[in-house]
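One file, start_9.cif, is given below (mmCIF, C-alpha atoms).
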```
data_entry
loop_
_atom_site.label_atom_id
_atom_site.label_comp_id
_atom_site.auth_asym_id
_atom_site.auth_seq_id
_atom_site.Cartn_x
_atom_site.Cartn_y
_atom_site.Cartn_z
CA MET A 19 0.00 0.00 0.00
CA GLN A 20 1.21 3.51 -0.77
CA ASN A 21 2.40 5.49 2.25
CA ASP A 22 0.26 8.51 1.35
CA ARG A 23 -2.97 6.55 1.85
CA HIS A 24 -4.72 6.61 5.22
CA PRO A 25 -7.43 3.96 5.20
CA ALA A 26 -10.11 4.52 7.80
CA ASN A 27 -12.17 1.60 6.50
CA LEU A 28 -11.86 -1.88 5.06
CA ALA A 29 -13.53 -2.84 1.77
CA LEU A 30 -13.91 -6.46 0.72
CA ILE A 31 -14.05 -7.18 -3.00
CA GLY A 32 -14.13 -10.48 -4.85
CA PHE A 33 -16.40 -12.81 -6.73
CA MET A 34 -19.81 -13.92 -5.47
CA GLY A 35 -19.60 -16.81 -3.04
CA THR A 36 -16.18 -15.93 -1.63
CA GLY A 37 -17.64 -14.93 1.74
CA LYS A 38 -17.42 -11.13 1.57
CA THR A 39 -20.62 -10.51 3.55
CA THR A 40 -20.01 -13.22 6.16
CA VAL A 41 -16.38 -12.23 6.65
CA GLY A 42 -17.23 -8.53 6.54
CA ARG A 43 -19.79 -8.75 9.33
CA LEU A 44 -17.37 -10.67 11.54
CA VAL A 45 -14.44 -8.33 10.83
CA ALA A 46 -16.64 -5.32 11.62
CA GLU A 47 -17.60 -6.96 14.89
CA ALA A 48 -13.95 -7.71 15.75
CA LEU A 49 -12.84 -4.14 14.97
CA HIS A 50 -15.95 -2.53 16.52
CA PHE A 51 -16.74 -0.96 13.14
CA ASP A 52 -20.01 -0.44 11.29
CA PHE A 53 -20.81 -2.87 8.48
CA PHE A 54 -22.36 -2.11 5.10
CA ASP A 55 -23.07 -4.45 2.21
CA THR A 56 -23.42 -2.54 -1.07
CA ASP A 57 -26.02 -4.97 -2.43
CA GLU A 58 -28.10 -4.64 0.76
CA LEU A 59 -27.89 -0.82 0.55
CA ILE A 60 -29.04 -0.88 -3.09
CA GLN A 61 -31.98 -3.12 -2.23
CA SER A 62 -32.88 -0.86 0.69
CA HIS A 63 -32.67 2.31 -1.44
CA THR A 64 -34.67 0.91 -4.36
CA GLY A 65 -37.11 -1.41 -2.61
CA LYS A 66 -36.17 -4.06 -5.19
CA SER A 67 -34.11 -7.22 -5.04
CA ILE A 68 -30.91 -7.40 -7.08
CA THR A 69 -32.63 -9.94 -9.34
CA GLU A 70 -35.53 -7.52 -9.92
CA ILE A 71 -33.16 -4.64 -10.71
CA PHE A 72 -31.30 -6.77 -13.27
CA ALA A 73 -34.56 -8.02 -14.82
CA GLN A 74 -36.45 -4.70 -14.87
CA ASP A 75 -33.71 -2.11 -15.29
CA GLY A 76 -30.70 -4.04 -16.62
CA GLU A 77 -27.13 -4.45 -15.49
CA PRO A 78 -26.01 -0.90 -16.48
CA ALA A 79 -28.64 0.60 -14.15
CA PHE A 80 -27.47 -1.69 -11.35
CA ARG A 81 -23.83 -0.67 -11.91
CA GLU A 82 -24.86 3.00 -11.66
CA LEU A 83 -26.57 2.27 -8.34
CA GLU A 84 -23.32 0.66 -7.15
CA ARG A 85 -21.40 3.79 -8.12
CA GLN A 86 -23.84 5.95 -6.14
CA VAL A 87 -23.53 3.73 -3.06
CA VAL A 88 -19.71 3.87 -3.13
CA HIS A 89 -19.92 7.68 -3.21
CA GLU A 90 -22.39 7.58 -0.30
CA LEU A 91 -20.04 5.39 1.74
CA SER A 92 -16.95 7.52 1.01
CA SER A 93 -17.76 9.83 3.93
CA LYS A 94 -17.78 6.97 6.47
CA THR A 95 -15.03 6.00 8.89
CA LYS A 96 -14.57 2.88 11.00
CA THR A 97 -16.56 0.87 8.50
CA VAL A 98 -16.25 -2.51 6.82
CA ILE A 99 -17.80 -2.58 3.35
CA SER A 100 -18.72 -5.75 1.48
CA THR A 101 -19.10 -5.06 -2.24
CA GLY A 102 -20.95 -6.79 -5.01
CA GLY A 103 -18.70 -8.98 -7.16
CA GLY A 104 -18.76 -6.69 -10.20
CA LEU A 105 -18.45 -3.37 -8.35
CA PRO A 106 -14.64 -3.03 -8.72
CA THR A 107 -14.84 -3.48 -12.50
CA ASN A 108 -15.81 0.18 -12.66
CA PRO A 109 -12.39 1.89 -12.32
CA GLU A 110 -14.06 4.90 -10.64
CA ASN A 111 -15.48 2.62 -7.91
CA LEU A 112 -12.15 0.92 -7.30
CA ALA A 113 -10.22 4.21 -7.20
CA LEU A 114 -12.73 5.76 -4.80
CA LEU A 115 -12.68 2.69 -2.53
CA LYS A 116 -8.89 2.85 -2.43
CA SER A 117 -9.05 6.53 -1.44
CA PHE A 118 -10.79 5.76 1.87
CA CYS A 119 -10.36 2.01 2.43
CA LEU A 120 -7.83 -0.74 2.64
CA VAL A 121 -9.14 -2.91 -0.20
CA ALA A 122 -8.92 -6.66 0.31
CA CYS A 123 -9.92 -9.24 -2.28
CA LEU A 124 -11.25 -12.61 -1.23
CA TRP A 125 -10.23 -15.06 -3.94
CA SER A 126 -11.52 -18.54 -4.73
CA ALA A 127 -11.25 -21.10 -7.51
CA PRO A 128 -14.20 -21.30 -9.93
CA GLU A 129 -15.02 -24.85 -8.81
CA LYS A 130 -15.23 -23.79 -5.15
CA ILE A 131 -17.38 -20.81 -6.06
CA TRP A 132 -19.78 -23.10 -7.94
CA GLU A 133 -19.99 -25.42 -4.91
CA ARG A 134 -20.99 -22.46 -2.72
CA VAL A 135 -23.50 -20.72 -5.03
CA ARG A 136 -25.08 -23.47 -7.12
CA ASN A 137 -28.22 -23.64 -4.95
CA GLN A 138 -28.69 -19.86 -4.67
CA SER A 139 -31.42 -18.55 -6.95
CA HIS A 140 -30.77 -14.86 -6.09
CA ARG A 141 -27.63 -14.69 -8.28
CA PRO A 142 -28.89 -13.09 -11.54
CA LEU A 143 -25.57 -13.48 -13.38
CA LEU A 144 -25.81 -17.26 -12.94
CA HIS A 145 -29.15 -17.56 -14.74
CA ASP A 146 -27.28 -19.03 -17.67
CA ALA A 147 -27.40 -22.29 -19.62
CA ASP A 148 -23.90 -23.16 -18.36
CA PRO A 149 -23.42 -21.36 -15.03
CA GLN A 150 -20.02 -22.96 -14.37
CA LYS A 151 -18.72 -21.63 -17.67
CA LYS A 152 -20.24 -18.23 -16.83
CA ILE A 153 -18.37 -18.21 -13.48
CA ARG A 154 -15.06 -18.96 -15.23
CA GLU A 155 -15.68 -16.23 -17.82
CA LEU A 156 -16.71 -13.59 -15.29
CA LEU A 157 -13.87 -14.47 -12.95
CA ALA A 158 -11.35 -14.20 -15.79
CA ALA A 159 -12.78 -10.82 -16.86
CA ARG A 160 -12.77 -9.47 -13.30
CA GLU A 161 -9.39 -10.85 -12.25
CA PRO A 162 -7.39 -7.78 -13.40
CA PHE A 163 -9.59 -5.58 -11.20
CA TYR A 164 -9.48 -7.94 -8.22
CA LYS A 165 -5.69 -8.06 -8.43
CA GLN A 166 -5.55 -4.29 -7.86
CA ALA A 167 -6.60 -4.86 -4.24
CA ASP A 168 -4.13 -3.99 -1.51
CA VAL A 169 -4.47 -7.50 -0.06
CA LEU A 170 -5.36 -10.77 -1.80
CA VAL A 171 -6.57 -13.66 0.35
CA ASN A 172 -7.30 -17.12 -1.04
CA VAL A 173 -10.28 -18.39 0.96
CA ASP A 174 -10.22 -21.95 -0.39
CA LEU A 175 -7.78 -23.30 2.21
CA ARG A 176 -8.95 -21.19 5.17
CA ASN A 177 -12.07 -21.37 7.28
CA VAL A 178 -14.10 -18.23 7.96
CA ARG A 179 -12.44 -17.63 11.33
CA GLU A 180 -8.99 -17.72 9.73
CA VAL A 181 -10.03 -15.32 6.96
CA VAL A 182 -11.50 -12.93 9.54
CA GLN A 183 -8.27 -13.04 11.57
CA GLN A 184 -6.24 -12.38 8.42
CA MET A 185 -8.38 -9.35 7.55
CA VAL A 186 -8.12 -7.89 11.06
CA VAL A 187 -4.33 -8.32 11.06
CA GLN A 188 -3.97 -6.81 7.57
CA PHE A 189 -6.10 -3.82 8.53
CA LYS A 190 -4.17 -3.21 11.75
CA LEU A 191 -0.86 -3.47 9.88
CA ALA A 192 -2.03 -1.01 7.22
CA THR A 193 -3.26 1.54 9.75
CA ARG A 194 -0.13 1.15 11.90
CA GLU A 195 2.10 1.97 8.89
CA ARG A 196 0.80 5.54 8.71
CA ARG A 197 1.73 6.50 12.29
#
```
Mind turning the file's structure into structure tokens?
Amino acid sequence: MQNDRHPANLALIGFMGTGKTTVGRLVAEALHFDFFDTDELIQSHTGKSITEIFAQDGEPAFRELERQVVHELSSKTKTVISTGGGLPTNPENLALLKSFCLVACLWSAPEKIWERVRNQSHRPLLHDADPQKKIRELLAAREPFYKQADVLVNVDLRNVREVVQQMVVQFKLATRERR
């Protein structure tokens, strides 16, 4: 991380099914921070589910809502933010997150992701004839954005508790560097 950055928050990015929301809630609890999930905020603001937004308004409209939520969260401190999987593919979102957060990417293999999400009907991007292929394609397209995170954590070989501990340590190290 660059020395001129002063993260007051932690943002979790990564593909669906990597545990961003679960880990984020637990990290927020451990750090005594507030927790926000960008998808939950969008649903709260619009009164629609993510699936409904995709079906009725399309993906571009959803991505604009994500951009608005990132701007809304930029004034927060002592916050853990769990993002939607595609949010960091907008360079403006990623740059803004990095301006006020330590950005950590939770990474997982496509096969593990499929194991975790295959029974979840609320994932609009998986409503595809070959959802496993779709996961591999989306993950490959998003990988360059995910790799811009300050911290990359492979969640495949760690349990949730270990991932949470890793995130807390990484955040404390990053905030200690600026003193």
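What separates CA of Arg43 in chain A from CA of Ser67 in chain A is a distance of 20.3 Å.
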For a quick check of understanding, using only C-alpha atoms, which of A:Gln138, A:Glu110, A:Ser126, A:Leu49 has the smallest distance to Thr69 in chain A? A:Gln138
Would you kindly return, as a PDB file with C-alpha atoms, in the coordinates of the input, each protein, DNA or RNA residue with an atom no farther than 9 Å from any atom of Asn111 in chain A, considering all atoms listed in the file and excluding same-chain residues fewer than 3 positions away?
```
ATOM      1  CA  GLU A  84     -23.320   0.660  -7.150  1.00  0.00           C
ATOM      2  CA  ARG A  85     -21.400   3.790  -8.120  1.00  0.00           C
ATOM      3  CA  VAL A  88     -19.710   3.870  -3.130  1.00  0.00           C
ATOM      4  CA  HIS A  89     -19.920   7.680  -3.210  1.00  0.00           C
ATOM      5  CA  LEU A 105     -18.450  -3.370  -8.350  1.00  0.00           C
ATOM      6  CA  PRO A 106     -14.640  -3.030  -8.720  1.00  0.00           C
ATOM      7  CA  THR A 107     -14.840  -3.480 -12.500  1.00  0.00           C
ATOM      8  CA  ASN A 108     -15.810   0.180 -12.660  1.00  0.00           C
ATOM      9  CA  LEU A 114     -12.730   5.760  -4.800  1.00  0.00           C
ATOM     10  CA  LEU A 115     -12.680   2.690  -2.530  1.00  0.00           C
ATOM     11  CA  LYS A 116      -8.890   2.850  -2.430  1.00  0.00           C
TER      12      LYS A 116
END
```
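The gap separating CA of Asp75 in chain A from CA of Ser100 in chain A is 22.8 Å, in Å to one decimal.
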For the file shown, what are the residues hit by the PyMOL selection byres ((chain A and resi 178-194) around 12), laid out as a PyMOL selection string? chain A and resi 19-30+36-51+96-98+118-125+168-177+195-197
In Å to one decimal, how far is CA of Gly102 in chain A from CA of Met34 in chain A?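 Between CA of Met34 in chain A and CA of Gly102 in chain A the gap is 7.2 Å.
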Ile71 in chain A surroundings by all atoms listed in the file, 10 Å radius, close-in-sequence under 4 positions cut, as an mmCIF file with C-alpha atoms, in the frame of the given file:
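Result written to selection15.cif:
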```
data_model
loop_
_atom_site.group_PDB
_atom_site.id
_atom_site.type_symbol
_atom_site.label_atom_id
_atom_site.label_comp_id
_atom_site.auth_asym_id
_atom_site.auth_seq_id
_atom_site.Cartn_x
_atom_site.Cartn_y
_atom_site.Cartn_z
ATOM 1 C CA ILE A 60 -29.040 -0.880 -3.090
ATOM 2 C CA GLN A 61 -31.980 -3.120 -2.230
ATOM 3 C CA THR A 64 -34.670 0.910 -4.360
ATOM 4 C CA GLY A 65 -37.110 -1.410 -2.610
ATOM 5 C CA LYS A 66 -36.170 -4.060 -5.190
ATOM 6 C CA SER A 67 -34.110 -7.220 -5.040
ATOM 7 C CA ASP A 75 -33.710 -2.110 -15.290
ATOM 8 C CA GLY A 76 -30.700 -4.040 -16.620
ATOM 9 C CA GLU A 77 -27.130 -4.450 -15.490
ATOM 10 C CA PRO A 78 -26.010 -0.900 -16.480
ATOM 11 C CA ALA A 79 -28.640 0.600 -14.150
ATOM 12 C CA PHE A 80 -27.470 -1.690 -11.350
ATOM 13 C CA LEU A 83 -26.570 2.270 -8.340
ATOM 14 C CA PRO A 142 -28.890 -13.090 -11.540
#
```
Residue contacts of Glu129 in chain A (12 Å, only C-alpha atoms) excluding same-chain residues fewer than 6 positions away, as a ChimeraX atom specification: /A:35-36,135-136,149-154,157,174
Mind checking which residues fall within 6 Å of Ile99 in chain A, counting all atoms listed in the file, ignoring those fewer than 5 positions away in the same chain, and posting them as a list in words?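 The residues satisfying every condition are Ala29, Phe53, Phe54 and Asp55 of chain A.
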Given the choices A:Glu90, A:Gln74, A:Gly32, A:Leu112, which gets closest to Pro128 in chain A if the distance is worked out from all atoms listed in the file?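 For Pro128 in chain A, the nearest of the candidates is A:Gly32.
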